[in-house]
2 protein chains.
Amino acid sequence: MLNNWNAAPDGPGAGECKKRLKARRLDLAGLQQRIRQAKLPILVLLEGWGAAGKGSAIRSLIRELDPRFFQVRSVGMPTAEERRWPFLKRHFAVIPPQGKLLFLDSGWMEESVREFLRGDLSEEEFECRMEQVRIFERQLASGGYLLVKLFFHIDAATQRERLEKLSADKDTAWRCDEEDWKQNKNYEKYRDAFDRFLEGTHRPWAPWTVIDGTDAVRAQLAAADVLCEQITSALVRPPTAEQPEYRWPLRPVQPLSQIALDQHMEEQEYQEKLKKYRKKLEALHNELYRKKVPVVIAYEGWDAAGKGGNIKRLASALDPRGYEVIPIASPTPDELARHYLWRFWTRLPKTGHIAIFDRSWYGRVMVERLEGFCSREEWTRAYDEINEFERALAGWGAVVLKFWVQIDQDTQLARFTERQNTPEKRWKITEEDWRNREKWDAYEVAVDEMLRKTNTEYAPWHILESVDKRYARIKAMRIVVDAIEQAL
Amino acid sequence: MLNNWNAAPDGPGAGECKKRLKARRLDLAGLQQRIRQAKLPILVLLEGWGAAGKGSAIRSLIRELDPRFFQVRSVGMPTAEERRWPFLKRHFAVIPPQGKLLFLDSGWMEESVREFLRGDLSEEEFECRMEQVRIFERQLASGGYLLVKLFFHIDAATQRERLEKLSADKDTAWRCDEEDWKQNKNYEKYRDAFDRFLEGTHRPWAPWTVIDGTDAVRAQLAAADVLCEQITSALVRPPTAEQPEYRWPLRPVQPLSQIALDQHMEEQEYQEKLKKYRKKLEALHNELYRKKVPVVIAYEGWDAAGKGGNIKRLASALDPRGYEVIPIASPTPDELARHYLWRFWTRLPKTGHIAIFDRSWYGRVMVERLEGFCSREEWTRAYDEINEFERALAGWGAVVLKFWVQIDQDTQLARFTERQNTPEKRWKITEEDWRNREKWDAYEVAVDEMLRKTNTEYAPWHILESVDKRYARIKAMRIVVDAIEQAL
């Protein structure tokens, strides 16, 4: 996109451009109310050469906007802390809620190209980055996000001239850093890398527009034109994206109905094994920490299947400074207003840490599917999106484990009844539990489909037969120990 | 507390201690449901010598707890990013919601003592730190938080022995760092500083308990005893604290009713001044950034007074990468479950950045007071708490400005009517606005009291007479320019 790129032909004169820009700004302000009503989330990514005018463009674009309606973020390079997260976490974390606009002054492109050119990313890793970005952007577009991606382009001479001018004034000298000069001195190398990234992440649902940054006003007008146009068209036809045809490397699974539940473990054996696995896990957790391997464990299962107690036993073997149990309830308004994976991305552990999700992203294909909280199209797409999410975690180096805690209907009834009849346990049982119980068959269909479609090699499901809770607890600990040992 | 401290007398034997500890853990688990019902937020701070057994104590205490009910955080020293915030921000950020327990493995004590001993804090700054901690802890206690503060104490010989043992094993070597050895080598110096901090922050509503860490099981039992006891007593009598008698350095204010509103500015003068102040602000923002001075601006005012437009003009002069407009709406469930200042502490800007709050913490003494969202005792206490909050900001080096955007009732009615009659403005006016309008007189009393009680030297109020919005906009910009110029 850059290598065969030609400067824009002379358009209207400077006065005319200014006039049009002013009008465009008012158009943008006029669109605010429609964006809010349509609940359209908009992410405007401005990338480009240092001193190409990204900052001034943002300033120009927002001039007439209601400040409650948009946000501007300057992303910068990841901090040492952020490097302990998967690449996408900090980018996923900032996505705007419905009805709002986010301007990003550089983002995943700058970060990736810079790391590639300084040799922190190999060829293969750079390709993998672009693949992650494509997935990220497609997931957002599928989720109704409008992505406006602008690349501000200037030639080497223009850049040098601007950098010199900025550096000469002490008030603006901080605006150009070493990296900007490095770009200028290695202009062709950077241009090729930028070009590669642009080509590699140019998709119909997240297209790049190259903006000629030579003249500031013209550039701002061009950016405003693109923004207005893409917003107007997204208001008429909400963003969407094409889902690739995947062939996930899936392991076979047994339907729930065929799972035997007659396992049993005596108290004495249980205590011995609990002790043994606790000791092992303790040692492994130390090693995980040292080797900075992250672990992500998701628990799903029937109400009253014994998830809580199971998690408790597993957690009791871990150093509390190195793990977190994350209970997932119904989403808050902030969460509902964003992509459904947002609240999981933002809660991922650091390297060396363990996150145990008590219910998880699988809510999308269970409760959200069955209660109609998302459309058929959304939950059918979610299997792939979840597989992609978990593949990103595995690619980051995480041990990913998923537990389905299984009981039969009679066991559930007995436990519900006991809860109802025991005053100190009564808070554990709600009307909703009884209602869900009536939908057992529908849930079973959904769970079977979920297990079948997401039982990947790198993030496998494990069934915890939990009619005998002791058996299930020991089995969970054994699986965690085995998986960590294998990873180390 | 440490200098005159004697090891605990011999208590019961090891077997008996273990038995009691086990029982205590079950007691704690039994308290969970009551804590949840009473909506009691509990913060357990574990401080102490390196290798004194804080980590093992946390692990022991949580053994029987429901993992959805508590969190453990290892705070560590602040990162480079965190050092750009006021000291308390990251500590305020982690406070637990109502009904939950948070265990902190070190916190504000470790951070402060360490910085003091390595010379990063002067004598005076160390004293100031302790004062901030006292205020923080008192505010939490007043807000219903139970603070359990434990200091794990061991003697120099015990510490040395443990550090040597930990260092010898590669799996545990990461657990003792340079700082631990430094403590051991300068044991007396550290003991004196610890002691000073303990004495300086020991208050009836946030008392320290020194735990003898010589024997692990005994120490854990002692910690469990204290925790159970303090929780049980807080369930009977909710935490509370004594409010100091302040004499704030207040500036006089005019009652709203005496403010003249007949200012006027012609369009031409407005455009010229807008341009002039924009230019000034632009330059000042660069300088702020370079000198890393933070700015916090709060806007309050009548509905339809023109806050939004005023903020927009001010913001349009700033570099969007260096400021954020933070709209404050009614609190989310997460926010409601915590201290009311939590959502403001967590949104403070970094040094060199500007935060503009569109409505603010003053909601406590306006809408929350008038709508009965907080008790009389709570909002009367809030004036002091807010002054303390703003003093902390000023002490951090921030420029703190507060605007009250003033109009009269007739002007409001005219603007409401215009909004109602203009289709593209209708979304701006709600039933609630009309309801609030009926309470004008009550609001005026509250606003007058607020202005009078919080018009401090370091965080002054400014009235923006906004019947003529142009006048109000230019006045706001001038005040911001003057305040920043003075600070620089």
# chains A, B, ... in the order shown; residues from 1 in each chain; ligands from 1
call {"tool": "residues_around", "arguments": {"residues": "segment 297-308 of chain B", "least_positions_apart": "4", "cutoff": "8 Å", "atoms": "only C-alpha atoms", "output": "list in words"}}
result
Asp66 and Pro67 of chain A; Lys312, Ile354, Ala355, Ile356, Phe357, Asp358, Arg359, Ser360, Tyr362, Val400, Leu401, Lys402, Phe403, Trp404, Val405, Gln406, Ile407, Gln412, Arg415, Phe416, Asp433, Ser466, Val467 and Lys469 of chain B
call {"tool": "write_last_selection", "arguments": {"atoms": "N, CA and C atoms", "output": "JSON list (two decimals), in the first residue's frame"}}
result
[["chain", "number", "residue", "atom", "x", "y", "z"],
["A", 66, "ASP", "N", -18.75, 16.16, 21.59],
["A", 66, "ASP", "CA", -19.06, 16.21, 23.01],
["A", 66, "ASP", "C", -18.04, 15.33, 23.75],
["A", 67, "PRO", "N", -17.29, 15.93, 24.69],
["A", 67, "PRO", "CA", -16.21, 15.16, 25.33],
["A", 67, "PRO", "C", -16.70, 13.95, 26.11],
["B", 312, "LYS", "N", -15.98, 21.39, 26.50],
["B", 312, "LYS", "CA", -15.56, 21.17, 25.12],
["B", 312, "LYS", "C", -14.57, 22.23, 24.66],
["B", 354, "ILE", "N", -3.91, 15.82, 32.36],
["B", 354, "ILE", "CA", -5.03, 16.62, 32.86],
["B", 354, "ILE", "C", -6.28, 15.76, 32.90],
["B", 355, "ALA", "N", -6.96, 15.76, 34.04],
["B", 355, "ALA", "CA", -8.25, 15.07, 34.12],
["B", 355, "ALA", "C", -9.33, 16.11, 34.36],
["B", 356, "ILE", "N", -10.35, 16.08, 33.50],
["B", 356, "ILE", "CA", -11.48, 16.99, 33.66],
["B", 356, "ILE", "C", -12.69, 16.15, 34.05],
["B", 357, "PHE", "N", -13.16, 16.35, 35.26],
["B", 357, "PHE", "CA", -14.31, 15.59, 35.74],
["B", 357, "PHE", "C", -15.59, 16.35, 35.43],
["B", 358, "ASP", "N", -16.46, 15.74, 34.67],
["B", 358, "ASP", "CA", -17.75, 16.33, 34.34],
["B", 358, "ASP", "C", -18.74, 15.80, 35.39],
["B", 359, "ARG", "N", -18.95, 16.56, 36.43],
["B", 359, "ARG", "CA", -19.51, 16.16, 37.72],
["B", 359, "ARG", "C", -18.43, 15.35, 38.46],
["B", 360, "SER", "N", -18.58, 15.31, 39.78],
["B", 360, "SER", "CA", -17.43, 14.84, 40.54],
["B", 360, "SER", "C", -17.83, 14.23, 41.88],
["B", 362, "TYR", "N", -18.31, 15.74, 44.39],
["B", 362, "TYR", "CA", -19.25, 16.61, 45.09],
["B", 362, "TYR", "C", -20.69, 16.12, 45.01],
["B", 400, "VAL", "N", -5.32, 21.86, 41.34],
["B", 400, "VAL", "CA", -6.70, 21.41, 41.54],
["B", 400, "VAL", "C", -7.63, 22.61, 41.38],
["B", 401, "LEU", "N", -8.59, 22.50, 40.47],
["B", 401, "LEU", "CA", -9.52, 23.60, 40.21],
["B", 401, "LEU", "C", -10.93, 23.07, 40.21],
["B", 402, "LYS", "N", -11.85, 23.86, 40.73],
["B", 402, "LYS", "CA", -13.24, 23.43, 40.77],
["B", 402, "LYS", "C", -14.12, 24.55, 40.23],
["B", 403, "PHE", "N", -14.98, 24.20, 39.28],
["B", 403, "PHE", "CA", -15.86, 25.19, 38.67],
["B", 403, "PHE", "C", -17.31, 24.94, 39.05],
["B", 404, "TRP", "N", -17.98, 25.97, 39.49],
["B", 404, "TRP", "CA", -19.44, 25.90, 39.60],
["B", 404, "TRP", "C", -20.03, 26.74, 38.47],
["B", 405, "VAL", "N", -20.78, 26.09, 37.58],
["B", 405, "VAL", "CA", -21.35, 26.79, 36.43],
["B", 405, "VAL", "C", -22.74, 27.28, 36.82],
["B", 406, "GLN", "N", -22.87, 28.59, 36.90],
["B", 406, "GLN", "CA", -24.05, 29.20, 37.52],
["B", 406, "GLN", "C", -24.97, 29.85, 36.49],
["B", 407, "ILE", "N", -26.25, 29.56, 36.62],
["B", 407, "ILE", "CA", -27.30, 30.30, 35.88],
["B", 407, "ILE", "C", -28.45, 30.55, 36.85],
["B", 412, "GLN", "N", -32.57, 28.62, 33.07],
["B", 412, "GLN", "CA", -32.70, 27.17, 32.96],
["B", 412, "GLN", "C", -34.00, 26.79, 32.27],
["B", 415, "ARG", "N", -33.79, 27.29, 28.60],
["B", 415, "ARG", "CA", -32.97, 26.29, 27.91],
["B", 415, "ARG", "C", -33.66, 24.92, 27.89],
["B", 416, "PHE", "N", -34.32, 24.58, 28.99],
["B", 416, "PHE", "CA", -35.07, 23.32, 29.01],
["B", 416, "PHE", "C", -36.13, 23.33, 27.90],
["B", 433, "ASP", "N", -34.46, 15.86, 34.89],
["B", 433, "ASP", "CA", -34.06, 17.26, 34.89],
["B", 433, "ASP", "C", -35.21, 18.13, 35.42],
["B", 466, "SER", "N", -22.80, 31.81, 33.69],
["B", 466, "SER", "CA", -22.98, 31.18, 32.39],
["B", 466, "SER", "C", -24.33, 31.50, 31.73],
["B", 467, "VAL", "N", -24.92, 32.63, 32.10],
["B", 467, "VAL", "CA", -26.10, 33.05, 31.34],
["B", 467, "VAL", "C", -25.62, 33.40, 29.93],
["B", 469, "LYS", "N", -22.95, 32.08, 27.76],
["B", 469, "LYS", "CA", -22.01, 30.95, 27.75],
["B", 469, "LYS", "C", -20.63, 31.34, 27.25]]
call {"tool": "select_by_dssp", "arguments": {"residues": "segment 266-413 of chain B", "states": "strand (DSSP E)", "output": "list in words"}}
result
Val295, Val296, Ile297, Ala298, Tyr299, Glu300, Gly301, Tyr323, Glu324, Val325, Ile326, Pro327, Ile354, Ala355, Ile356, Phe357, Asp358, Val399, Val400, Leu401, Lys402, Phe403, Trp404, Val405 and Gln406 of chain B
call {"tool": "write_last_selection", "arguments": {"atoms": "N, CA, C and O atoms", "output": "mmCIF file, in the first residue's frame"}}
result
data_model
loop_
_atom_site.group_PDB
_atom_site.id
_atom_site.type_symbol
_atom_site.label_atom_id
_atom_site.label_comp_id
_atom_site.auth_asym_id
_atom_site.auth_seq_id
_atom_site.Cartn_x
_atom_site.Cartn_y
_atom_site.Cartn_z
ATOM 1 N N VAL B 295 -2.927 17.931 36.523
ATOM 2 C CA VAL B 295 -3.999 18.905 36.727
ATOM 3 C C VAL B 295 -5.324 18.161 36.892
ATOM 4 O O VAL B 295 -5.620 17.248 36.121
ATOM 5 N N VAL B 296 -6.079 18.547 37.913
ATOM 6 C CA VAL B 296 -7.389 17.932 38.144
ATOM 7 C C VAL B 296 -8.426 19.043 38.180
ATOM 8 O O VAL B 296 -8.333 19.963 38.993
ATOM 9 N N ILE B 297 -9.391 18.966 37.286
ATOM 10 C CA ILE B 297 -10.429 19.996 37.199
ATOM 11 C C ILE B 297 -11.792 19.343 37.387
ATOM 12 O O ILE B 297 -12.090 18.349 36.728
ATOM 13 N N ALA B 298 -12.584 19.885 38.291
ATOM 14 C CA ALA B 298 -13.933 19.345 38.500
ATOM 15 C C ALA B 298 -14.963 20.380 38.066
ATOM 16 O O ALA B 298 -14.858 21.554 38.429
ATOM 17 N N TYR B 299 -15.927 19.945 37.290
ATOM 18 C CA TYR B 299 -17.027 20.807 36.876
ATOM 19 C C TYR B 299 -18.307 20.374 37.584
ATOM 20 O O TYR B 299 -18.690 19.211 37.543
ATOM 21 N N GLU B 300 -18.960 21.335 38.216
ATOM 22 C CA GLU B 300 -20.293 21.107 38.764
ATOM 23 C C GLU B 300 -21.159 22.276 38.315
ATOM 24 O O GLU B 300 -20.637 23.329 37.953
ATOM 25 N N GLY B 301 -22.448 22.133 38.363
ATOM 26 C CA GLY B 301 -23.316 23.241 37.968
ATOM 27 C C GLY B 301 -24.736 22.774 37.742
ATOM 28 O O GLY B 301 -25.016 21.576 37.755
ATOM 29 N N TYR B 323 -4.960 14.534 27.998
ATOM 30 C CA TYR B 323 -6.051 14.833 28.930
ATOM 31 C C TYR B 323 -7.160 13.806 28.761
ATOM 32 O O TYR B 323 -7.217 13.097 27.764
ATOM 33 N N GLU B 324 -8.031 13.759 29.742
ATOM 34 C CA GLU B 324 -9.192 12.894 29.661
ATOM 35 C C GLU B 324 -10.372 13.615 30.294
ATOM 36 O O GLU B 324 -10.229 14.235 31.333
ATOM 37 N N VAL B 325 -11.525 13.545 29.622
ATOM 38 C CA VAL B 325 -12.755 14.051 30.227
ATOM 39 C C VAL B 325 -13.460 12.855 30.841
ATOM 40 O O VAL B 325 -13.670 11.846 30.174
ATOM 41 N N ILE B 326 -13.778 12.945 32.112
ATOM 42 C CA ILE B 326 -14.349 11.803 32.822
ATOM 43 C C ILE B 326 -15.769 12.133 33.258
ATOM 44 O O ILE B 326 -15.980 12.865 34.216
ATOM 45 N N PRO B 327 -16.757 11.625 32.527
ATOM 46 C CA PRO B 327 -18.139 11.917 32.899
ATOM 47 C C PRO B 327 -18.521 11.054 34.092
ATOM 48 O O PRO B 327 -18.266 9.859 34.103
ATOM 49 N N ILE B 354 -3.913 15.819 32.356
ATOM 50 C CA ILE B 354 -5.028 16.620 32.860
ATOM 51 C C ILE B 354 -6.282 15.755 32.904
ATOM 52 O O ILE B 354 -6.593 15.084 31.923
ATOM 53 N N ALA B 355 -6.964 15.761 34.037
ATOM 54 C CA ALA B 355 -8.249 15.068 34.124
ATOM 55 C C ALA B 355 -9.330 16.105 34.355
ATOM 56 O O ALA B 355 -9.227 16.925 35.267
ATOM 57 N N ILE B 356 -10.350 16.076 33.497
ATOM 58 C CA ILE B 356 -11.479 16.989 33.655
ATOM 59 C C ILE B 356 -12.690 16.153 34.048
ATOM 60 O O ILE B 356 -13.164 15.335 33.266
ATOM 61 N N PHE B 357 -13.156 16.348 35.257
ATOM 62 C CA PHE B 357 -14.307 15.587 35.735
ATOM 63 C C PHE B 357 -15.588 16.354 35.434
ATOM 64 O O PHE B 357 -15.766 17.478 35.891
ATOM 65 N N ASP B 358 -16.462 15.743 34.669
ATOM 66 C CA ASP B 358 -17.751 16.327 34.342
ATOM 67 C C ASP B 358 -18.740 15.801 35.388
ATOM 68 O O ASP B 358 -19.291 14.721 35.238
ATOM 69 N N VAL B 399 -2.349 20.674 40.239
ATOM 70 C CA VAL B 399 -3.156 21.886 40.203
ATOM 71 C C VAL B 399 -4.607 21.417 40.306
ATOM 72 O O VAL B 399 -5.055 20.618 39.484
ATOM 73 N N VAL B 400 -5.315 21.856 41.339
ATOM 74 C CA VAL B 400 -6.699 21.410 41.538
ATOM 75 C C VAL B 400 -7.628 22.609 41.380
ATOM 76 O O VAL B 400 -7.477 23.618 42.073
ATOM 77 N N LEU B 401 -8.586 22.500 40.465
ATOM 78 C CA LEU B 401 -9.522 23.597 40.208
ATOM 79 C C LEU B 401 -10.934 23.069 40.206
ATOM 80 O O LEU B 401 -11.197 21.962 39.721
ATOM 81 N N LYS B 402 -11.854 23.861 40.728
ATOM 82 C CA LYS B 402 -13.244 23.435 40.766
ATOM 83 C C LYS B 402 -14.120 24.547 40.227
ATOM 84 O O LYS B 402 -13.999 25.700 40.647
ATOM 85 N N PHE B 403 -14.977 24.202 39.277
ATOM 86 C CA PHE B 403 -15.860 25.191 38.670
ATOM 87 C C PHE B 403 -17.311 24.938 39.048
ATOM 88 O O PHE B 403 -17.789 23.808 38.915
ATOM 89 N N TRP B 404 -17.981 25.971 39.487
ATOM 90 C CA TRP B 404 -19.436 25.901 39.604
ATOM 91 C C TRP B 404 -20.027 26.736 38.474
ATOM 92 O O TRP B 404 -19.790 27.942 38.392
ATOM 93 N N VAL B 405 -20.785 26.092 37.579
ATOM 94 C CA VAL B 405 -21.350 26.794 36.429
ATOM 95 C C VAL B 405 -22.745 27.282 36.824
ATOM 96 O O VAL B 405 -23.661 26.486 37.075
ATOM 97 N N GLN B 406 -22.873 28.593 36.903
ATOM 98 C CA GLN B 406 -24.048 29.202 37.517
ATOM 99 C C GLN B 406 -24.974 29.855 36.493
ATOM 100 O O GLN B 406 -24.523 30.574 35.591
#
call {"tool": "closest_atom_pairs", "arguments": {"of": "chain B", "to": "chain A", "cutoff": "9 Å", "atoms": "only C-alpha atoms", "output": "tab-separated table"}}
result
residue	atom	partner	partner_atom	distance
B:Gly30	CA	A:Glu424	CA	8.7
B:Gln33	CA	A:Glu424	CA	7.9
B:Gly55	CA	A:Arg321	CA	7.5
B:Ser56	CA	A:Asp319	CA	8.2
B:Ile58	CA	A:Pro320	CA	7.1
B:Arg59	CA	A:Pro320	CA	6.1
B:Ser60	CA	A:Ser316	CA	8.6
B:Ile62	CA	A:Ser316	CA	7.6
B:Arg63	CA	A:Ser316	CA	5.5
B:Glu64	CA	A:Lys312	CA	7.5
B:Leu65	CA	A:Lys312	CA	7.5
B:Asp66	CA	A:Lys312	CA	6.4
B:Pro67	CA	A:Lys312	CA	6.0
B:Arg68	CA	A:Pro327	CA	5.8
B:Phe70	CA	A:Val325	CA	8.7
B:Gln71	CA	A:Glu324	CA	7.1
B:Val72	CA	A:Pro320	CA	6.0
B:Arg73	CA	A:Arg321	CA	6.0
B:Ser74	CA	A:Arg321	CA	5.5
B:Thr79	CA	A:Glu81	CA	8.3
B:Ala80	CA	A:Thr79	CA	9.0
B:Glu81	CA	A:Thr79	CA	8.3
B:Asp105	CA	A:Arg321	CA	7.6
B:Asp171	CA	A:Asn286	CA	5.8
B:Thr172	CA	A:Asn286	CA	6.9
B:Trp174	CA	A:Arg290	CA	7.3
B:Ala283	CA	A:Asp171	CA	7.3
B:Leu284	CA	A:Asp171	CA	8.8
B:Asn286	CA	A:Asp171	CA	5.8
B:Glu287	CA	A:Asp171	CA	6.1
B:Tyr289	CA	A:Trp174	CA	8.7
B:Arg290	CA	A:Trp174	CA	7.2
B:Gly308	CA	A:Asp66	CA	7.0
B:Gly309	CA	A:Asp66	CA	7.7
B:Ile311	CA	A:Pro67	CA	7.4
B:Lys312	CA	A:Pro67	CA	6.0
B:Arg313	CA	A:Arg63	CA	8.2
B:Ala315	CA	A:Pro67	CA	7.8
B:Ser316	CA	A:Arg63	CA	5.5
B:Ala317	CA	A:Arg59	CA	8.6
B:Leu318	CA	A:Arg59	CA	8.1
B:Asp319	CA	A:Arg59	CA	6.8
B:Pro320	CA	A:Val72	CA	6.0
B:Arg321	CA	A:Ser74	CA	5.4
B:Gly322	CA	A:Ser74	CA	8.2
B:Tyr323	CA	A:Val72	CA	8.2
B:Glu324	CA	A:Gln71	CA	7.1
B:Val325	CA	A:Pro67	CA	6.1
B:Ile326	CA	A:Arg68	CA	7.1
B:Pro327	CA	A:Arg68	CA	5.8
B:Thr332	CA	A:Pro333	CA	7.8
B:Pro333	CA	A:Thr332	CA	7.8
B:Asp334	CA	A:Thr332	CA	8.5
B:Asp358	CA	A:Arg68	CA	8.1
B:Glu424	CA	A:Gln33	CA	7.8
B:Trp427	CA	A:Gln33	CA	8.2
call {"tool": "select_by_dssp", "arguments": {"residues": "segment 235-451 of chain A", "states": "alpha helix (DSSP H)", "output": "ChimeraX atom specification"}}
result
/A:235-236,267-291,307-315,333-336,342-345,367-370,376-396,409-421,431-438,440-451
call {"tool": "closest_residue", "arguments": {"among": "A:Ala337, A:Leu61, A:Ala414, A:Ile135", "to": "Arg391 of chain A", "atoms": "only C-alpha atoms"}}
result
A:Ile135
call {"tool": "atom_distance", "arguments": {"atom1": "atom CA of Arg129 of chain A", "atom2": "atom CA of Val226 of chain A"}}
result
26.4 Å
call {"tool": "closest_residue", "arguments": {"among": "B:Pro244, B:Ser330, B:Lys279, B:Trp342", "to": "Asp384 of chain B", "atoms": "only C-alpha atoms"}}
result
B:Pro244
call {"tool": "closest_atom_pairs", "arguments": {"of": "segment 192-217 of chain A", "to": "segment 39-47 of chain A", "cutoff": "10 Å", "atoms": "only C-alpha atoms", "output": "JSON lines"}}
result
{"residue": "A:Phe194", "atom": "CA", "partner": "A:Glu47", "partner_atom": "CA", "distance": 9.6}
{"residue": "A:Trp208", "atom": "CA", "partner": "A:Leu45", "partner_atom": "CA", "distance": 9.5}
{"residue": "A:Thr209", "atom": "CA", "partner": "A:Leu46", "partner_atom": "CA", "distance": 9.9}
{"residue": "A:Val210", "atom": "CA", "partner": "A:Glu47", "partner_atom": "CA", "distance": 9.5}
{"residue": "A:Ile211", "atom": "CA", "partner": "A:Leu46", "partner_atom": "CA", "distance": 9.9}
call {"tool": "atom_distance", "arguments": {"atom1": "atom CA of Glu131 of chain B", "atom2": "atom CA of Glu115 of chain B"}}
result
15.7 Å
call {"tool": "residues_around", "arguments": {"residues": "segment 213-219 of chain A", "least_positions_apart": "2", "cutoff": "6 Å", "atoms": "only C-alpha atoms", "output": "PyMOL selection string"}}
result
chain A and resi 52+152-154+211+221-222
call {"tool": "write_last_selection", "arguments": {"atoms": "N, CA and C atoms", "output": "PDB file, in the first residue's frame"}}
result
ATOM      1  N   ALA A  52       3.974  12.547  11.449  1.00  0.00           N
ATOM      2  CA  ALA A  52       3.136  12.610  10.247  1.00  0.00           C
ATOM      3  C   ALA A  52       1.831  13.352  10.516  1.00  0.00           C
ATOM      4  N   PHE A 152      -1.006   7.437   8.487  1.00  0.00           N
ATOM      5  CA  PHE A 152      -0.515   8.760   8.069  1.00  0.00           C
ATOM      6  C   PHE A 152       0.867   8.617   7.456  1.00  0.00           C
ATOM      7  N   HIS A 153       0.926   8.974   6.186  1.00  0.00           N
ATOM      8  CA  HIS A 153       2.143   8.740   5.405  1.00  0.00           C
ATOM      9  C   HIS A 153       2.807  10.065   5.017  1.00  0.00           C
ATOM     10  N   ILE A 154       4.107  10.125   5.225  1.00  0.00           N
ATOM     11  CA  ILE A 154       4.891  11.252   4.694  1.00  0.00           C
ATOM     12  C   ILE A 154       6.201  10.696   4.135  1.00  0.00           C
ATOM     13  N   ILE A 211      -3.400   8.010   4.468  1.00  0.00           N
ATOM     14  CA  ILE A 211      -3.661   9.455   4.418  1.00  0.00           C
ATOM     15  C   ILE A 211      -2.344  10.158   4.088  1.00  0.00           C
ATOM     16  N   LEU A 221      -8.632  16.797   6.644  1.00  0.00           N
ATOM     17  CA  LEU A 221      -9.866  16.719   5.865  1.00  0.00           C
ATOM     18  C   LEU A 221     -10.074  15.298   5.352  1.00  0.00           C
ATOM     19  N   ALA A 222      -9.009  14.704   4.838  1.00  0.00           N
ATOM     20  CA  ALA A 222      -9.119  13.334   4.328  1.00  0.00           C
ATOM     21  C   ALA A 222      -9.566  12.388   5.446  1.00  0.00           C
TER      22      ALA A 222
END
call {"tool": "residues_around", "arguments": {"residues": "Ala234 of chain A", "least_positions_apart": "6", "cutoff": "10 Å", "atoms": "only C-alpha atoms", "output": "list in words"}}
result
Ile35, Ala38, Leu40, Ile42, Gly144, Tyr145, Leu146, Leu147, Cys228 and Thr240 of chain A
call {"tool": "write_last_selection", "arguments": {"atoms": "N, CA, C and O atoms", "output": "short mmCIF file (atom, residue, chain, number, x, y, z; two decimals), in the first residue's frame"}}
result
data_model
loop_
_atom_site.label_atom_id
_atom_site.label_comp_id
_atom_site.auth_asym_id
_atom_site.auth_seq_id
_atom_site.Cartn_x
_atom_site.Cartn_y
_atom_site.Cartn_z
N ILE A 35 -25.15 7.80 16.54
CA ILE A 35 -24.23 6.73 16.98
C ILE A 35 -24.69 6.20 18.34
O ILE A 35 -24.73 5.00 18.59
N ALA A 38 -27.89 4.20 17.87
CA ALA A 38 -27.65 2.92 17.20
C ALA A 38 -26.75 2.03 18.06
O ALA A 38 -26.49 0.89 17.70
N LEU A 40 -23.66 2.09 18.38
CA LEU A 40 -22.52 1.68 17.57
C LEU A 40 -21.21 2.00 18.30
O LEU A 40 -20.95 3.15 18.62
N ILE A 42 -17.25 2.56 18.12
CA ILE A 42 -16.35 2.94 17.02
C ILE A 42 -14.92 3.06 17.52
O ILE A 42 -14.64 3.74 18.51
N GLY A 144 -20.02 -6.12 15.92
CA GLY A 144 -20.71 -4.86 15.67
C GLY A 144 -19.84 -3.62 15.81
O GLY A 144 -20.34 -2.51 15.76
N TYR A 145 -18.53 -3.81 15.97
CA TYR A 145 -17.62 -2.66 16.09
C TYR A 145 -17.27 -2.10 14.73
O TYR A 145 -16.93 -2.86 13.81
N LEU A 146 -17.33 -0.78 14.62
CA LEU A 146 -16.80 -0.13 13.42
C LEU A 146 -15.33 0.17 13.65
O LEU A 146 -14.97 0.84 14.63
N LEU A 147 -14.48 -0.34 12.75
CA LEU A 147 -13.04 -0.08 12.84
C LEU A 147 -12.62 0.84 11.72
O LEU A 147 -12.75 0.49 10.54
N CYS A 228 -16.42 10.18 8.52
CA CYS A 228 -17.85 10.46 8.29
C CYS A 228 -18.48 9.40 7.40
O CYS A 228 -19.55 8.89 7.68
N THR A 240 -19.97 -6.03 10.01
CA THR A 240 -20.04 -7.47 10.04
C THR A 240 -18.74 -8.01 9.47
O THR A 240 -17.95 -7.25 8.91
#
call {"tool": "residues_around", "arguments": {"residues": "Pro255 of chain A", "least_positions_apart": "3", "cutoff": "10 Å", "atoms": "only C-alpha atoms", "output": "PyMOL selection string"}}
result
chain A and resi 252+258-259+444-445+447-449+451-452
call {"tool": "residues_around", "arguments": {"residues": "Arg138 of chain A", "least_positions_apart": "3", "cutoff": "12 Å", "atoms": "only C-alpha atoms", "output": "PyMOL selection string"}}
result
chain A and resi 131-135+141-147+201-207+239-244+339+381+384-385+388
call {"tool": "closest_residue", "arguments": {"among": "B:Glu161, B:Ala260, B:Ala329, B:Arg376", "to": "Asp468 of chain B", "atoms": "only C-alpha atoms"}}
result
B:Ala260
